[in-house]
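I have placed the structure first, in the form of structure tokens, so that the comments after it can refer back to it.
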Amino acid sequence: MGNLVDNNETVISVNQLSTHYGERLILDQLDFSVRRGEIMVIMGASGSGKSTLLRTMLGLNRPTNGEVNILGTNVSKAKQNELYRLRRQIGVAFQGGALFGNLSLIDNVQLPLKEHTNLDENTIRIMSRMKLDMMNLSGFDSLMPSELSGGMVKRAALARAVVMDPHLLFFDEPSAGLDPVVAAELDEHILELKKAMDMTIVVVTHELDSALRIADRLTVLDQGKMVICGTVDEVKQSDNQQVQNLLNRRASRAAVDPEEYLEMLTRVQAARPHRGHRYDR
Ligand SMILES: Nc1ncnc2c1ncn2[C@@H]1O[C@H](COP(=O)(O)OP(=O)(O)OP(=O)(O)O)[C@@H](O)[C@H]1O
């Protein structure tokens, strides 16, 4: 990656993008771009089309209209080998893309390097350890995924997603299943990645607290339509009713009694099955 960062350089452009499932319109003429070095958060309620947008941006779904350009490739029209080349420059941490349960932490993280490069074992190990270190996971190389806490699993998935030093990172629902403190820690790691690796990051989430913490800009979807695309301040100051509803929903959640919340968390912990040794930092 170069040292000269042009912050206005467009890394992703989404133009007039529409998608259907069968007859049903899911994404409706979306237009926005992602600039080099920024964190773009895509927000919206469940069913608003976030995952469909992510899949379409990665070329896993073909749009019915419009197009997505990533790093100069028209993803919507690209051939398989072009998509393959492009995806090598993109890191992806998906909700469902969990760690391989039969591989240790380090083996999970070094997998992309083994699959996509001809680097020797030693270099692969060093590169993987660097990413584990960045994610506060050094010293846990040989642990199996079942021995890791929820926060560690997410950090490990993030380490794996960036092990090839991608230009671009997609992260689907980072906070899902994490308690607020661990989710906030993960947000710090996302911010650190942006800073340390000069990375452009697209995060899909429905967690407003997390979105406001990490976003340079936000794109808000509602039923497949773009409600707003702007900086955190622009979103906060918007007089659009749907945006205000989203912000107010956060305010009412913030009013939760901390004692009650702690009790609820403890109940969940107590109900969890024993999973062997667990470590966290
Ligand atoms: N494979 C599919 N076939 C048909 N309809 C689908 C398919 N996948 C998603 N949908 C529908 O498309 C709409 C958008 O779904 P999508 O998963 O993109 O939303 P989302 O914002 O990511 O939701 P969530 O936050 O719950 O994951 C929903 O109404 C969903 O039911």
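Please note that chains go A, B, ... in the order of the structure tokens, that every chain numbers its residues from 1, and that ligands are numbered from 1 in the order shown.
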
Just want the 9 Å neighbourhood of segment 115-129 of chain A, counted on only C-alpha atoms, with same-chain residues fewer than 2 positions away dropped. Output as a VMD selection string. chain A and resid 88 106 to 107 109 to 113 131 to 134 137 to 138 141 159 to 160 163 to 164

Assign secondary structure with DSSP using the backbone only, and return the residues of segment 59-237 of chain A in alpha helix (DSSP H) as a PyMOL selection string. chain A and resi 80-87+105-116+121-134+150-161+180-197+208-214+232-237

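Near Ser142 of chain A, within 10 Å and counting only C-alpha atoms, sit Leu103, Ser104, Leu105, Ile106, Asp107, Gly139 and Pro145 of chain A, not including residues fewer than 3 positions from it in the same chain.
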
Saved selection, atoms kept: C-alpha atoms, as a PDB file, in the first residue's frame:
```
ATOM      1  CA  LEU A 103      -8.015 -25.931  13.321  1.00  0.00           C
ATOM      2  CA  SER A 104      -6.041 -24.087  16.008  1.00  0.00           C
ATOM      3  CA  LEU A 105      -6.131 -20.300  16.227  1.00  0.00           C
ATOM      4  CA  ILE A 106      -2.877 -19.831  14.273  1.00  0.00           C
ATOM      5  CA  ASP A 107      -3.867 -22.413  11.644  1.00  0.00           C
ATOM      6  CA  GLY A 139       0.330 -16.323  23.020  1.00  0.00           C
ATOM      7  CA  PRO A 145     -11.895 -22.119  18.617  1.00  0.00           C
TER       8      PRO A 145
END
```

Show which residues sit within 8 Å of Ser210 of chain A, as an NGL selection string. Count only C-alpha atoms, and ignore same-chain residues fewer than 5 positions away. :A and (175 or 183-184 or 187)

Export C-alpha atoms of the chosen residues as a PDB file, in the first residue's frame?
```pdb
ATOM      1  CA  SER A 175     -21.121  -6.767  17.566  1.00  0.00           C
ATOM      2  CA  ALA A 183     -18.309  -4.971  21.468  1.00  0.00           C
ATOM      3  CA  ALA A 184     -16.683  -1.618  22.343  1.00  0.00           C
ATOM      4  CA  ASP A 187     -14.668  -1.390  17.782  1.00  0.00           C
TER       5      ASP A 187
END
```

Please identify every polymer residue within 8 Å of ligand 1, using only C-alpha atoms and all ligand atoms, and present the set as a PyMOL selection string. chain A and resi 21-22+24+26-27+43-53+205-206+221+223-224

Every residue of segment 36-227 of chain A that DSSP places in strand (DSSP E), as a VMD selection string: chain A and resid 39 to 44 65 to 70 73 to 74 90 to 93 168 to 172 200 to 205 217 to 222 225 to 227

Any chance you can output those residues with C-alpha atoms as an mmCIF file, in the first residue's frame?
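The new file again33.cif reads:
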```
data_model
loop_
_atom_site.group_PDB
_atom_site.id
_atom_site.type_symbol
_atom_site.label_atom_id
_atom_site.label_comp_id
_atom_site.auth_asym_id
_atom_site.auth_seq_id
_atom_site.Cartn_x
_atom_site.Cartn_y
_atom_site.Cartn_z
ATOM 1 C CA ILE A 39 -14.989 3.420 7.598
ATOM 2 C CA MET A 40 -18.388 3.294 5.940
ATOM 3 C CA VAL A 41 -21.089 1.801 8.129
ATOM 4 C CA ILE A 42 -24.203 0.393 6.483
ATOM 5 C CA MET A 43 -27.090 0.482 8.907
ATOM 6 C CA GLY A 44 -30.704 -0.489 8.848
ATOM 7 C CA ASN A 65 -30.062 -2.977 -12.473
ATOM 8 C CA GLY A 66 -27.096 -0.718 -11.896
ATOM 9 C CA GLU A 67 -23.591 -1.732 -10.898
ATOM 10 C CA VAL A 68 -20.934 -1.887 -8.231
ATOM 11 C CA ASN A 69 -17.335 -0.900 -8.959
ATOM 12 C CA ILE A 70 -14.627 -1.943 -6.527
ATOM 13 C CA THR A 73 -13.457 -3.648 -11.331
ATOM 14 C CA ASN A 74 -17.112 -3.716 -12.315
ATOM 15 C CA ILE A 90 -10.489 -7.845 -0.035
ATOM 16 C CA GLY A 91 -10.746 -9.156 3.515
ATOM 17 C CA VAL A 92 -14.099 -10.473 4.627
ATOM 18 C CA ALA A 93 -15.269 -11.253 8.156
ATOM 19 C CA LEU A 168 -10.481 -3.264 1.676
ATOM 20 C CA LEU A 169 -12.226 -5.000 4.558
ATOM 21 C CA PHE A 170 -15.884 -6.006 4.811
ATOM 22 C CA PHE A 171 -17.151 -6.804 8.292
ATOM 23 C CA ASP A 172 -20.655 -8.156 8.778
ATOM 24 C CA THR A 200 -10.855 1.099 3.791
ATOM 25 C CA ILE A 201 -13.519 -0.664 5.839
ATOM 26 C CA VAL A 202 -17.198 -1.380 5.203
ATOM 27 C CA VAL A 203 -19.113 -2.498 8.288
ATOM 28 C CA VAL A 204 -22.681 -3.736 8.248
ATOM 29 C CA THR A 205 -24.445 -3.435 11.569
ATOM 30 C CA ARG A 217 -19.772 8.006 7.209
ATOM 31 C CA LEU A 218 -23.024 6.078 7.458
ATOM 32 C CA THR A 219 -25.419 4.767 4.841
ATOM 33 C CA VAL A 220 -28.854 4.076 6.306
ATOM 34 C CA LEU A 221 -31.207 1.674 4.527
ATOM 35 C CA ASP A 222 -34.917 1.268 5.045
ATOM 36 C CA LYS A 225 -34.052 2.341 -0.064
ATOM 37 C CA MET A 226 -31.246 4.639 0.979
ATOM 38 C CA VAL A 227 -32.535 7.025 3.646
#
```

Considering only C-alpha atoms, state which residue in the set A:Phe32, A:Thr19, A:Asp233, A:Leu71 is at the smallest distance from Thr56 of chain A. A:Thr19

Measuring between only C-alpha atoms, which one of A:Thr64, A:Ser146, A:Gln29, A:Asn102 shows the shortest distance to Lys77 of chain A? A:Thr64

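With atom CA of His20 of chain A on one side and atom CA of Lys79 of chain A on the other, the separation reads 21.0 Å.
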
Given the choices A:Asp198, A:Leu186, A:Arg62, A:Asp31, which gets closest to Ala157 of chain A if the distance is worked out from only C-alpha atoms? A:Leu186

Could you give me, as a PyMOL selection string, the residues within 9 Å of Gly59 of chain A, counting only C-alpha atoms and dropping anything in the same chain fewer than 5 positions from it? chain A and resi 54+68+75-78+83

Just to be explicit: take each residue in the selection above, keep N, CA and C atoms, and write the result as a PDB file, in the first residue's frame.
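Saved result, part-v5.pdb, follows:
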```pdb
ATOM      1  N   LEU A  54     -24.383  -6.294   0.826  1.00  0.00           N
ATOM      2  CA  LEU A  54     -23.018  -6.800   1.003  1.00  0.00           C
ATOM      3  C   LEU A  54     -22.715  -7.891  -0.016  1.00  0.00           C
ATOM      4  N   VAL A  68     -21.864  -2.173  -9.326  1.00  0.00           N
ATOM      5  CA  VAL A  68     -20.934  -1.887  -8.231  1.00  0.00           C
ATOM      6  C   VAL A  68     -19.527  -1.943  -8.797  1.00  0.00           C
ATOM      7  N   VAL A  75     -17.859  -5.178 -10.543  1.00  0.00           N
ATOM      8  CA  VAL A  75     -18.175  -6.456  -9.899  1.00  0.00           C
ATOM      9  C   VAL A  75     -19.419  -7.089 -10.517  1.00  0.00           C
ATOM     10  N   SER A  76     -20.333  -6.238 -10.951  1.00  0.00           N
ATOM     11  CA  SER A  76     -21.615  -6.740 -11.445  1.00  0.00           C
ATOM     12  C   SER A  76     -21.481  -7.425 -12.794  1.00  0.00           C
ATOM     13  N   LYS A  77     -20.394  -7.142 -13.501  1.00  0.00           N
ATOM     14  CA  LYS A  77     -20.225  -7.751 -14.821  1.00  0.00           C
ATOM     15  C   LYS A  77     -18.969  -8.632 -14.904  1.00  0.00           C
ATOM     16  N   ALA A  78     -18.191  -8.636 -13.837  1.00  0.00           N
ATOM     17  CA  ALA A  78     -16.877  -9.301 -13.893  1.00  0.00           C
ATOM     18  C   ALA A  78     -16.991 -10.803 -14.100  1.00  0.00           C
ATOM     19  N   LEU A  83     -13.184 -11.681 -10.611  1.00  0.00           N
ATOM     20  CA  LEU A  83     -13.701 -11.611  -9.239  1.00  0.00           C
ATOM     21  C   LEU A  83     -12.708 -12.254  -8.269  1.00  0.00           C
TER      22      LEU A  83
END
```

I need the residue nearest Glu173 of chain A from this list: A:Leu208, A:Lys194, A:Ser149, A:Ser18. Use only C-alpha atoms for the distance.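 So, comparing all the options, the nearest one is A:Leu208.
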
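Counting only C-alpha atoms, the residue from A:Gln89, A:Gln242, A:Gln237, A:Gln80 that sits nearest to Val162 of chain A is A:Gln89.
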
What is the atom CA of Asn108 of chain A to atom CA of Leu158 of chain A distance in Å?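 For atom CA of Asn108 of chain A relative to atom CA of Leu158 of chain A, the distance reads 11.0 Å.
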
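Interatomic distance, atom CA of Val232 of chain A to atom CA of Gly37 of chain A: 16.0 Å.
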